[in-house]
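Peer 1: Pasting a structure below so you can have a look.
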2 protein chains.
Amino acid sequence: MNTATREKIVQTAVELFWAKGYQSTSISDILSRSQVHSGSLYHFFPGKQDVLVAVLEWFRDGIEENLFAHAWAGVDDPIERIFSLLNGYRMHLVSSDFMYGCPIGSLALELHEPDPRVRELLAVNFSNWVSGVEKCLDDAGDRLPSGTDRRALAEFILTIMEGAIMQARTSRDITLFDRNVEVLRGHLDNLMTIAREKA
Amino acid sequence: MNTATREKIVQTAVELFWAKGYQSTSISDILSRSQVHSGSLYHFFPGKQDVLVAVLEWFRDGIEENLFAHAWAGVDDPIERIFSLLNGYRMHLVSSDFMYGCPIGSLALELHEPDPRVRELLAVNFSNWVSGVEKCLDDAGDRLPSGTDRRALAEFILTIMEGAIMQARTSRDITLFDRNVEVLRGHLDNLMTIAREKA
DNA sequence: CAATCTCTTGAATGATCGTTCAAATCTTGC
DNA sequence: GCAAGATTTGAACGATCATTCAAGAGATTG
C-alpha cells in the first residue's frame with residue numbers, strides 16, 4: 001500500500017476541514033491542494049465521509065505528539081500545563097486571524113446527524129483531551145481539595161476552551177478568550193485556597 | 001408587503017437551520033417545508049445568505065419573548081434564573097434526542113468565513129444573551145463579592161452553556177451537561193460564600 | 001519475462017445546488 | 001373598473017458536487 005498518497009490526502013483534509021469545515025471543503029479542494037487525482041482518492045477511501053474518519057483518527061492518534069507534547073514542553077507545573085494548553089489555542093486564534101479554532105469542536109457542531117463512526121471519533125477526541133487535563137489535575141495532588149471530582153473539572157475546562165474560542169472567534173475579539181480563562185483561573189485559585197485552608 | 005409569506009419562510013428557516021445547520025439546509029428544503037415557491041422566496045430575499053440574516057434577526061429580536069420570558073416565568077431568584085435558563089437548553093437537548101442545541105453557537109462554528117452582516121448578528125445574539133445573564137448577576141446584588149466582574153462572569157456562563165451542549169450532544173450523554181452545570185454551581189456558591197464572609 | 005496486483009490518470013455521470021425569469025394572478029390606489 | 005405594482009407560479013439554467021470507471025502505468029512476484 002502506497003501510504004504516501006494516502007497520507008498526503010489525510011494531511012490536506014486535516015488542514016482544509018480545520019480551516020473551512022467539512023461541508024465547505026469539496027473533494028475538488030482536497031484533490032487540487034494535495035495534487036492527487038480523484039481516482040487515487042477513491043482508491044483509498046470509499047467516500048468523503050471516510051476521509052473525515054481518517055482525519056479524526058489522525059487527531060486521535062496524534063494528540064500526544066501534536067498537542068500535549070508541544071504545549072507542555074518546558075512547563076512542569078501541572079496547573080500551569082492546563083493554561084499552557086489553553087494558550088496554545090489562543091495563539092492559533094490570534095496568529096490565524098481567528099480562522100483556526102478547535103477542529104474537533106467545529107466539526108462536532110457542524111455535523112448534526114453524523115455517521116456513528118464520526119460521532120464516536122468526535123467523542124473519543126474530546127475524551128482523550130479531557131483525560132490529558134485530568135492527568136494534570138491528578139498531578140496537582142493535594143493542591144486541590146481532596147473531594148474534587150477531577151474528571152468533572154477536566155470536562156469543565158474543555159467546555160471553557162470550546163466556549164472561549166467560540167465567543168472570541170465570533171466577535172473577533174481575543175479579550176473574550178482571555179476573560180474566560182481569567183475566570184477559570186479564579187476558580188482554580190479558589191479551589192487551591194480552599195485546599196490550603198483545609199490542611 | 002405580504003409579510004405572511006416572508007414570515008413563513010423565516011420561521012421554516014429558523015427550524016431547519018437549528019435542526020440541520022445552514023449548509024445542510026437547501027433552499028429546496030425551505031421551499032417544500034414552507035409550501036412556498038422559489039420565485040416567492042427570491043422576491044423577498046436576494047439569496048440564501050439573506051434568509052440567514054433574517055433568521056438571526058428573528059433570534060435577536062425575539063430573545064426576550066422566546067427565551068428569557070419563558071425560562072424565567074415563575075422564577076424570581078436571579079441566581080436561579082441563570083440555572084433555569086441553562087435548564088431550558090437541557091430540556092431541548094433531551095426532548096429532541098440531542099438534535100436541538102444552541103442555534104447561534106452551532107451557526108457560529110459552522111460558518112468559517114461569514115458575511116460581515118452574519119458575523120455581526122451572531123456576535124449581537126451572543127452579546128444580548130450575555131446581557132440577560134449579566135442583569136441576573138446585577139440583580140443578585142451583594143450576594144456576589146463586590147469586586148466581581150459581572151460582565152466577564154456572564155460571558156463565562158455563556159461559555160459553559162455552549163461547551164456543555166457541545167459535549168453532551170457529541171457524546172449523546174446528558175450527564176456531561178449536568179456535570180458542567182454542577183461545577184458552575186460550585187463556582188457561584190464559592191463566590192457567594194466569599195461575599196458572605198466579607199460581610 | 002510474464003502475470004498479477006496496486007496505484008494513477010482524468011474524462012464523464014447524474015444529482016443537487018442556488019438562482020433566474022417570464023408569464024400569470026392578486027392587490028392597491030385612483 | 002382600470003392601471004400599476006406586488007406577489008406567485010414553476011420550468012429552466014449553469015455551476016458544482018461526490019462519485020464512477022475504463023484505461024494505463026508501475027510495482028511485485030513466480
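In the C-alpha cells, each chain is lettered A, B, ... as it comes, each chain's residues begin at 1, and ligands are numbered from 1 in order of appearance.
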Check every residue of chain B for an atom within 9 Å of chain C, counting only C-alpha atoms (C1' of nucleotides), and provide those that qualify as a PDB file with C-alpha atoms, in the first residue's frame.

Peer 2:
```pdb
ATOM      1  CA  SER B  26     -31.097  23.642   0.976  1.00  0.00           C
ATOM      2  CA  ILE B  27     -33.376  26.256  -0.480  1.00  0.00           C
ATOM      3  CA  SER B  28     -35.438  23.311  -1.696  1.00  0.00           C
ATOM      4  CA  SER B  38     -38.768  29.661  -5.365  1.00  0.00           C
ATOM      5  CA  GLY B  39     -39.907  32.824  -7.090  1.00  0.00           C
ATOM      6  CA  TYR B  42     -36.393  35.267  -4.194  1.00  0.00           C
ATOM      7  CA  GLY B  47     -30.247  34.965  -1.775  1.00  0.00           C
ATOM      8  CA  LYS B  48     -29.767  32.252   0.806  1.00  0.00           C
TER       9      LYS B  48
END
```

Peer 1: Got a sec to tell me which of chain A DSSP assigns to alpha helix (DSSP H), as a PyMOL selection string?

Peer 2: chain A and resi 3-20+27-34+38-44+48-62+69-72+78-95+103-110+116-139+150-171+174-198

Peer 1: Pull out every residue of chain D sitting within 9 Å of chain B, counting only C-alpha atoms (C1' of nucleotides), and send them as number ranges by chain.

Peer 2: D: 6-10

Peer 1: Only residues of chain B matter here; which ones have an atom within 8 Å of chain A, counting only C-alpha atoms? Give them as a PyMOL selection string.

Peer 2: chain B and resi 19-21+23+99+105-110+112-113+119-120+122-123+126+152-153+155-156+158-164+166-167+170-171+176+179-180+183+187+190

Peer 1: Restricting it to N, CA and C atoms, dump the selection as a compact mmCIF listing (two decimals), in the first residue's frame.

Peer 2:
```txt
# COMPACT_ATOMS: atom_id res chain seq x y z
N ALA B 19 -32.09 22.78 13.27
CA ALA B 19 -32.04 21.32 13.29
C ALA B 19 -30.88 20.76 12.47
N LYS B 20 -30.62 21.36 11.31
CA LYS B 20 -29.67 20.77 10.39
C LYS B 20 -28.46 21.64 10.08
N GLY B 21 -28.50 22.89 10.50
CA GLY B 21 -27.42 23.81 10.16
C GLY B 21 -27.70 24.54 8.86
N GLN B 23 -25.60 24.98 5.98
CA GLN B 23 -25.20 24.40 4.70
C GLN B 23 -25.99 23.15 4.37
N MET B 99 -30.82 16.72 19.22
CA MET B 99 -30.80 17.41 17.93
C MET B 99 -30.68 18.92 18.12
N GLY B 105 -24.79 29.14 18.58
CA GLY B 105 -23.48 28.51 18.72
C GLY B 105 -23.16 27.59 17.56
N SER B 106 -24.13 26.80 17.14
CA SER B 106 -23.89 25.90 16.01
C SER B 106 -23.57 26.67 14.75
N LEU B 107 -24.34 27.72 14.49
CA LEU B 107 -24.08 28.51 13.29
C LEU B 107 -22.73 29.22 13.39
N ALA B 108 -22.40 29.67 14.59
CA ALA B 108 -21.15 30.41 14.77
C ALA B 108 -19.95 29.53 14.43
N LEU B 109 -20.02 28.26 14.78
CA LEU B 109 -18.88 27.39 14.49
C LEU B 109 -18.95 26.79 13.10
N GLU B 110 -20.15 26.75 12.52
CA GLU B 110 -20.27 26.17 11.18
C GLU B 110 -19.76 27.12 10.12
N HIS B 112 -17.37 29.52 8.67
CA HIS B 112 -15.97 29.86 8.92
C HIS B 112 -15.58 31.20 8.33
N GLU B 113 -16.19 31.58 7.25
CA GLU B 113 -15.89 32.90 6.68
C GLU B 113 -17.19 33.62 6.38
N ARG B 119 -21.74 37.65 10.68
CA ARG B 119 -20.85 37.58 11.83
C ARG B 119 -21.30 38.55 12.91
N GLU B 120 -21.67 39.73 12.49
CA GLU B 120 -22.08 40.74 13.46
C GLU B 120 -23.38 40.33 14.16
N LEU B 122 -24.39 37.24 14.68
CA LEU B 122 -24.04 36.19 15.63
C LEU B 122 -23.49 36.82 16.91
N ALA B 123 -22.59 37.79 16.74
CA ALA B 123 -21.98 38.44 17.91
C ALA B 123 -23.03 39.17 18.74
N PHE B 126 -25.02 36.71 20.80
CA PHE B 126 -24.26 36.33 21.99
C PHE B 126 -24.29 37.45 23.02
N ALA B 152 -17.79 39.71 32.74
CA ALA B 152 -16.91 38.57 32.47
C ALA B 152 -17.53 37.28 32.98
N LEU B 153 -18.19 37.35 34.12
CA LEU B 153 -18.83 36.15 34.67
C LEU B 153 -19.99 35.71 33.78
N GLU B 155 -20.22 36.23 30.55
CA GLU B 155 -19.59 35.63 29.37
C GLU B 155 -19.14 34.20 29.69
N PHE B 156 -18.65 34.03 30.88
CA PHE B 156 -18.22 32.71 31.32
C PHE B 156 -19.39 31.73 31.35
N LEU B 158 -22.10 31.94 29.49
CA LEU B 158 -22.41 31.60 28.09
C LEU B 158 -21.46 30.51 27.60
N THR B 159 -20.19 30.69 27.90
CA THR B 159 -19.18 29.71 27.54
C THR B 159 -19.54 28.32 28.04
N ILE B 160 -19.98 28.27 29.30
CA ILE B 160 -20.31 26.97 29.88
C ILE B 160 -21.54 26.37 29.20
N MET B 161 -22.52 27.19 28.94
CA MET B 161 -23.71 26.68 28.25
C MET B 161 -23.31 26.08 26.90
N GLU B 162 -22.53 26.82 26.14
CA GLU B 162 -22.15 26.34 24.80
C GLU B 162 -21.29 25.08 24.88
N GLY B 163 -20.33 25.10 25.75
CA GLY B 163 -19.44 23.93 25.86
C GLY B 163 -20.16 22.71 26.39
N ALA B 164 -21.06 22.93 27.33
CA ALA B 164 -21.80 21.80 27.90
C ALA B 164 -22.70 21.17 26.84
N MET B 166 -22.18 21.30 23.60
CA MET B 166 -21.30 20.65 22.62
C MET B 166 -20.90 19.25 23.08
N GLN B 167 -20.49 19.15 24.32
CA GLN B 167 -20.03 17.85 24.82
C GLN B 167 -21.18 16.86 24.96
N THR B 170 -22.33 15.69 21.53
CA THR B 170 -21.36 14.83 20.84
C THR B 170 -21.37 13.42 21.42
N SER B 171 -21.43 13.34 22.72
CA SER B 171 -21.40 12.02 23.37
C SER B 171 -22.80 11.48 23.62
N LEU B 176 -23.03 14.75 30.93
CA LEU B 176 -21.94 15.68 30.67
C LEU B 176 -22.41 17.12 30.84
N ARG B 179 -22.91 17.67 34.71
CA ARG B 179 -21.67 17.85 35.49
C ARG B 179 -21.08 19.24 35.27
N ASN B 180 -21.15 19.72 34.04
CA ASN B 180 -20.64 21.07 33.77
C ASN B 180 -21.43 22.10 34.56
N VAL B 183 -20.44 22.09 38.22
CA VAL B 183 -19.18 22.80 38.53
C VAL B 183 -19.44 24.30 38.55
N HIS B 187 -18.94 26.95 41.58
CA HIS B 187 -18.20 28.21 41.45
C HIS B 187 -19.01 29.38 41.99
N ASN B 190 -19.18 29.25 45.70
CA ASN B 190 -17.94 29.76 46.29
C ASN B 190 -17.95 31.27 46.35
```

Peer 1: Figure out the distance between CA of Ile82 in chain B and CA of Asn87 in chain A, please, to one decimal in Å.

Peer 2: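 Taking CA of Asn87 in chain A as the start and CA of Ile82 in chain B as the end point, the length is 28.6 Å.
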